[in-house]
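**Student:** So that you have it, the file is input_12.txt, and it contains compact mmCIF, C-alpha atoms:
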```
# COMPACT_ATOMS: atom_id res chain seq x y z
CA MET A 1 -49.99 51.77 -42.78
CA LYS A 2 -53.74 51.19 -42.94
CA SER A 3 -53.67 51.11 -46.74
CA ARG A 4 -50.74 48.68 -46.81
CA TYR A 5 -52.47 46.07 -44.63
CA ARG A 6 -56.00 46.52 -45.93
CA LYS A 7 -57.64 43.23 -47.00
CA THR A 8 -54.79 41.11 -45.61
CA ILE A 9 -55.33 38.23 -43.22
CA ALA A 10 -52.37 38.79 -40.92
CA GLY A 11 -52.00 42.54 -41.50
CA PHE A 12 -49.20 44.13 -39.51
CA LEU A 13 -47.95 40.65 -38.53
CA TRP A 14 -46.48 40.15 -42.01
CA VAL A 15 -44.09 43.06 -41.56
CA VAL A 16 -42.91 41.84 -38.17
CA LEU A 17 -42.72 38.23 -39.32
CA ASN A 18 -40.45 38.90 -42.31
CA PRO A 19 -37.37 40.23 -40.41
CA ILE A 20 -37.91 37.66 -37.64
CA LEU A 21 -37.82 34.82 -40.16
CA LEU A 22 -34.72 36.26 -41.82
CA PHE A 23 -33.12 36.57 -38.40
CA GLY A 24 -33.95 32.94 -37.63
CA VAL A 25 -32.51 31.69 -40.93
CA HIS A 26 -29.27 33.64 -40.46
CA ALA A 27 -28.96 32.45 -36.87
CA LEU A 28 -29.47 28.84 -37.93
CA ILE A 29 -26.93 28.96 -40.75
CA PHE A 30 -24.15 30.98 -39.18
CA LYS A 31 -24.44 29.93 -35.53
CA ALA A 32 -25.78 26.38 -35.58
CA ILE A 33 -24.31 25.14 -38.87
CA LEU A 34 -21.22 27.22 -39.65
CA LYS A 35 -20.41 27.72 -35.92
CA VAL A 36 -19.43 31.39 -36.14
CA ASN A 37 -17.55 32.12 -32.92
CA ILE A 38 -18.85 35.50 -31.74
CA PRO A 39 -19.91 36.10 -28.11
CA ASN A 40 -23.65 36.78 -27.78
CA TYR A 41 -24.02 36.06 -31.48
CA PHE A 42 -27.80 36.44 -31.50
CA LEU A 43 -27.53 39.98 -30.12
CA PHE A 44 -24.70 40.71 -32.57
CA LEU A 45 -26.88 39.49 -35.45
CA LEU A 46 -29.84 41.51 -34.20
CA GLY A 47 -27.75 44.69 -34.12
CA GLY A 48 -26.53 44.16 -37.66
CA LEU A 49 -29.25 42.43 -39.65
CA LEU A 50 -32.37 44.37 -38.63
CA PRO A 51 -30.89 47.87 -39.18
CA TRP A 52 -29.63 46.58 -42.54
CA ILE A 53 -33.12 45.37 -43.46
CA PHE A 54 -34.60 48.75 -42.51
CA ILE A 55 -32.09 50.72 -44.61
CA THR A 56 -32.32 48.57 -47.73
CA ASN A 57 -36.09 48.00 -47.56
CA ASN A 58 -36.75 51.70 -47.17
CA ILE A 59 -34.47 52.56 -50.10
CA SER A 60 -36.20 49.92 -52.22
CA MET A 61 -39.71 51.09 -51.33
CA ALA A 62 -39.23 54.86 -51.14
CA THR A 63 -36.77 55.71 -53.92
CA SER A 64 -39.58 55.87 -56.50
CA THR A 65 -42.01 57.76 -54.24
CA PHE A 66 -41.92 61.03 -56.20
CA VAL A 67 -42.42 59.25 -59.52
CA ILE A 68 -45.16 56.90 -58.33
CA GLN A 69 -47.03 59.67 -56.48
CA ARG A 70 -46.76 62.18 -59.33
CA ASP A 71 -50.55 62.66 -59.55
CA VAL A 72 -50.83 63.43 -55.85
CA ILE A 73 -47.89 65.84 -55.96
CA ARG A 74 -49.33 67.70 -58.96
CA SER A 75 -52.90 67.80 -57.66
CA PHE A 76 -52.43 68.97 -54.08
CA ALA A 77 -50.47 71.69 -52.34
CA LEU A 78 -48.35 69.07 -50.62
CA SER A 79 -44.60 68.93 -50.28
CA PRO A 80 -43.19 65.80 -51.97
CA LEU A 81 -41.04 65.31 -48.88
CA ALA A 82 -44.19 64.69 -46.83
CA LEU A 83 -44.90 61.57 -48.89
CA LEU A 84 -41.30 60.41 -48.63
CA PHE A 85 -41.11 61.01 -44.89
CA SER A 86 -44.41 59.22 -44.25
CA GLN A 87 -43.17 56.16 -46.16
CA THR A 88 -39.92 56.17 -44.19
CA LEU A 89 -41.69 56.56 -40.84
CA ASP A 90 -44.01 53.71 -41.78
CA ASN A 91 -41.00 51.46 -42.41
CA PHE A 92 -39.34 52.77 -39.24
CA ILE A 93 -42.32 51.75 -37.10
CA ASN A 94 -42.21 48.30 -38.66
CA PHE A 95 -38.48 48.09 -37.87
CA LEU A 96 -39.03 49.13 -34.25
CA ALA A 97 -41.77 46.53 -33.77
CA ALA A 98 -39.64 43.65 -35.04
CA PHE A 99 -36.50 44.89 -33.30
CA ALA A 100 -38.25 45.34 -29.93
CA LEU A 101 -39.84 41.89 -30.09
CA LEU A 102 -36.52 40.15 -30.81
CA PHE A 103 -34.58 42.39 -28.44
CA VAL A 104 -36.77 41.66 -25.42
CA SER A 105 -36.80 37.94 -26.23
CA LEU A 106 -33.00 37.79 -26.52
CA LEU A 107 -32.48 39.76 -23.31
CA ILE A 108 -34.62 37.25 -21.44
CA TYR A 109 -32.75 34.38 -23.09
CA SER A 110 -29.22 35.75 -22.58
CA SER A 111 -29.71 37.81 -19.39
CA SER A 112 -27.22 40.27 -20.88
CA ILE A 113 -28.26 43.63 -19.47
CA ASN A 114 -25.57 46.31 -19.35
CA THR A 115 -25.28 50.07 -19.06
CA THR A 116 -24.27 50.46 -22.72
CA LEU A 117 -27.89 49.71 -23.66
CA LEU A 118 -28.68 53.27 -22.57
CA LEU A 119 -27.04 54.40 -25.83
CA LEU A 120 -29.39 52.29 -27.93
CA PRO A 121 -31.93 55.14 -28.51
CA VAL A 122 -29.08 57.30 -29.84
CA ALA A 123 -28.14 54.59 -32.33
CA VAL A 124 -31.79 54.30 -33.39
CA VAL A 125 -32.10 58.05 -33.99
CA LEU A 126 -28.87 58.15 -36.02
CA LEU A 127 -30.14 55.23 -38.11
CA LEU A 128 -33.40 57.05 -38.85
CA ILE A 129 -31.64 60.31 -39.78
CA PHE A 130 -29.17 58.55 -42.06
CA THR A 131 -31.84 56.46 -43.80
CA LEU A 132 -34.17 59.42 -44.26
CA ALA A 133 -31.41 61.62 -45.69
CA LEU A 134 -30.05 58.93 -48.01
CA THR A 135 -33.53 58.08 -49.28
CA THR A 136 -34.21 61.77 -49.95
CA ILE A 137 -31.11 61.97 -52.13
CA LEU A 138 -31.96 58.80 -54.05
CA ALA A 139 -35.65 59.70 -54.48
CA THR A 140 -34.68 63.11 -55.86
CA LEU A 141 -32.15 61.64 -58.28
CA GLN A 142 -34.70 59.03 -59.35
CA VAL A 143 -36.86 61.81 -60.80
CA PHE A 144 -34.11 62.80 -63.25
CA PHE A 145 -32.41 59.41 -63.72
CA ARG A 146 -34.92 56.56 -63.66
CA ASP A 147 -32.27 53.87 -63.35
CA VAL A 148 -31.19 55.03 -59.89
CA GLN A 149 -33.39 52.39 -58.22
CA PHE A 150 -31.73 49.61 -60.24
CA ILE A 151 -28.23 50.88 -59.48
CA THR A 152 -28.93 51.13 -55.74
CA GLN A 153 -30.45 47.65 -55.70
CA PHE A 154 -27.33 46.29 -57.41
CA ILE A 155 -25.03 48.11 -54.95
CA ASN A 156 -27.06 46.94 -51.94
CA ASN A 157 -26.83 43.33 -53.11
CA ILE A 158 -23.05 43.63 -53.22
CA LEU A 159 -22.79 45.48 -49.91
CA TYR A 160 -24.84 42.76 -48.21
CA LEU A 161 -21.84 40.43 -48.48
CA LEU A 162 -19.26 43.14 -47.80
CA THR A 163 -20.93 44.51 -44.65
CA PRO A 164 -20.19 42.67 -41.36
CA ILE A 165 -23.79 42.14 -40.29
CA PHE A 166 -23.63 38.37 -39.81
CA TYR A 167 -19.87 38.00 -39.34
CA ALA A 168 -17.38 39.96 -37.25
CA PRO A 169 -15.27 42.69 -38.90
CA GLU A 170 -12.21 40.94 -37.46
CA TYR A 171 -12.76 38.19 -40.03
CA ILE A 172 -11.80 40.60 -42.82
CA PRO A 173 -8.05 40.61 -43.69
CA ASP A 174 -6.22 43.86 -43.02
CA ASN A 175 -5.59 44.56 -46.69
CA TYR A 176 -9.36 44.50 -47.33
CA ARG A 177 -10.38 46.39 -44.20
CA TRP A 178 -10.86 49.58 -46.22
CA LEU A 179 -14.00 47.99 -47.69
CA ILE A 180 -15.78 48.44 -44.37
CA ASN A 181 -13.99 51.58 -43.22
CA PHE A 182 -15.57 53.46 -46.13
CA ASN A 183 -18.91 51.64 -46.03
CA PRO A 184 -21.53 54.13 -44.73
CA TYR A 185 -24.02 51.35 -43.97
CA TYR A 186 -21.53 49.65 -41.70
CA LEU A 187 -20.55 52.91 -39.99
CA ILE A 188 -24.20 53.51 -39.07
CA ILE A 189 -24.91 49.90 -38.05
CA ARG A 190 -21.73 49.43 -35.99
CA PRO A 191 -23.04 51.32 -32.88
CA PHE A 192 -25.91 48.81 -32.63
CA GLN A 193 -23.47 45.90 -32.60
CA LEU A 194 -21.19 47.51 -30.03
CA VAL A 195 -24.01 48.52 -27.67
CA LEU A 196 -25.73 45.14 -27.76
CA ASN A 197 -22.48 43.24 -27.20
CA ASN A 198 -21.30 45.33 -24.24
CA TYR A 199 -18.01 46.42 -25.81
CA SER A 200 -15.71 48.81 -23.98
CA GLU A 201 -16.38 52.55 -24.04
CA VAL A 202 -13.13 53.00 -25.95
CA GLN A 203 -14.69 51.22 -28.93
CA ILE A 204 -18.17 52.69 -28.51
CA GLY A 205 -17.10 56.36 -28.37
CA PRO A 206 -15.34 56.58 -31.78
CA SER A 207 -18.09 54.48 -33.37
CA PHE A 208 -20.83 56.88 -32.26
CA LEU A 209 -18.80 59.92 -33.28
CA THR A 210 -18.30 58.42 -36.73
CA ALA A 211 -22.01 57.62 -37.02
CA ILE A 212 -22.89 61.19 -36.01
CA PHE A 213 -20.48 62.55 -38.63
CA ILE A 214 -21.86 60.28 -41.37
CA SER A 215 -25.51 61.04 -40.59
CA THR A 216 -24.78 64.78 -40.45
CA ALA A 217 -22.83 64.74 -43.72
CA ILE A 218 -25.54 62.78 -45.55
CA SER A 219 -28.22 65.11 -44.13
CA LEU A 220 -26.37 68.20 -45.37
CA LEU A 221 -25.92 66.61 -48.77
CA ALA A 222 -29.64 65.75 -48.87
CA PHE A 223 -30.50 69.34 -47.99
CA PHE A 224 -28.40 70.77 -50.83
CA VAL A 225 -29.62 68.20 -53.36
CA TRP A 226 -33.25 68.86 -52.48
CA LYS A 227 -32.77 72.64 -52.44
CA LYS A 228 -31.27 72.57 -55.91
CA ALA A 229 -33.81 70.16 -57.44
CA ARG A 230 -37.12 70.78 -55.67
CA ARG A 231 -38.51 73.27 -58.23
CA LYS A 232 -37.52 71.09 -61.18
CA ILE A 233 -39.18 67.97 -59.79
CA TYR A 234 -42.68 69.07 -60.86
CA TYR A 235 -41.57 69.25 -64.50
CA PHE A 236 -39.75 65.92 -64.62
CA ILE A 237 -42.13 63.61 -62.76
```
Please rewrite the model in this file as structure tokens.
**Tutor:**
Amino acid sequence: MKSRYRKTIAGFLWVVLNPILLFGVHALIFKAILKVNIPNYFLFLLGGLLPWIFITNNISMATSTFVIQRDVIRSFALSPLALLFSQTLDNFINFLAAFALLFVSLLIYSSSINTTLLLLPVAVVLLLIFTLALTTILATLQVFFRDVQFITQFINNILYLLTPIFYAPEYIPDNYRWLINFNPYYLIIRPFQLVLNNYSEVQIGPSFLTAIFISTAISLLAFFVWKKARRKIYYFI
């Protein structure tokens, strides 16, 4: 974090300012101009957009970690995962700072405090586990297939429009609902939206169970991918 903000004027403020500005632009377009009719829309947008920014930004920044840091990995007795995890935790701290600032501001503005907010830390932990595991898989594959970062960027650009982060999932016709039912990003982000909008426990329970299943499955896959490839990484980077 120190190296990222060295010799900058605003420093850490740039990282917090970026998601806040994106949040403001989305809120202006979809709430003020397009008049999207979703209760507590600002909280809904917060629960969808900021986790999305964290996932995609981390994938974009950390997928090439092993390749970019090849000299460090070869020169020191350091696990490559340590570099990847430190990058992810750096981005996670930035996410928490921006999320907390907007969250507190919106709570004061909306006065919407409910017991479901107690589940928010669980949603945050699941988001971190999922993002860390997915980035581990992509960073490992990037060592052997250098176009992984371009493919993931292309997929993320498409998923941005297909993931209900600034519109409600109810807006999607039934015959296209499978696009979000099999979207892992949405399945991880959905608990944030439900908790912040005070949905019923009937909706929250299955959503958290699905998020737990997805994060666990991706973590197991990351473990097996890393276990199989970790010794070959030093020869391919």
**Student:** What is the distance between CA of Tyr176 in chain A and CA of Pro164 in chain A, in Å to one decimal?
**Tutor:**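 Distance reported for this atom pair: 12.5 Å.
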**Student:** Measuring atom to atom with all atoms listed in the file, identify which of A:Leu141, A:Ile172, A:Ala133, A:Leu46 is nearest to Asn197 in chain A.
**Tutor:** A:Leu46
**Student:** With a distance cut-off of 10 Å and all atoms listed in the file, select the neighbouring residues of range 214-223 of chain A, excluding the residue or stretch itself and same-chain residues fewer than 5 positions from it, and output the selection as a list of chain:residue names.
**Tutor:** A:Val125, A:Leu126, A:Leu127, A:Leu128, A:Ile129, A:Phe130, A:Thr131, A:Leu132, A:Ala133, A:Leu134, A:Thr135, A:Thr136, A:Ile137, A:Leu138, A:Thr140, A:Pro184, A:Tyr185, A:Leu187, A:Ile188, A:Phe208, A:Leu209, A:Lys228
**Student:** Choose the residue, out of A:Tyr186, A:Phe192, A:Phe85, A:Phe144, that has the smallest atom-to-atom separation from Asn156 in chain A; count all atoms listed in the file.
**Tutor:**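 Nearest to Asn156 in chain A: A:Tyr186.
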**Student:** In Å, with one decimal, what is the gap from CA of Leu119 in chain A to CA of Ile55 in chain A?
**Tutor:**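 Going from CA of Leu119 in chain A over to CA of Ile55 in chain A covers 19.8 Å.
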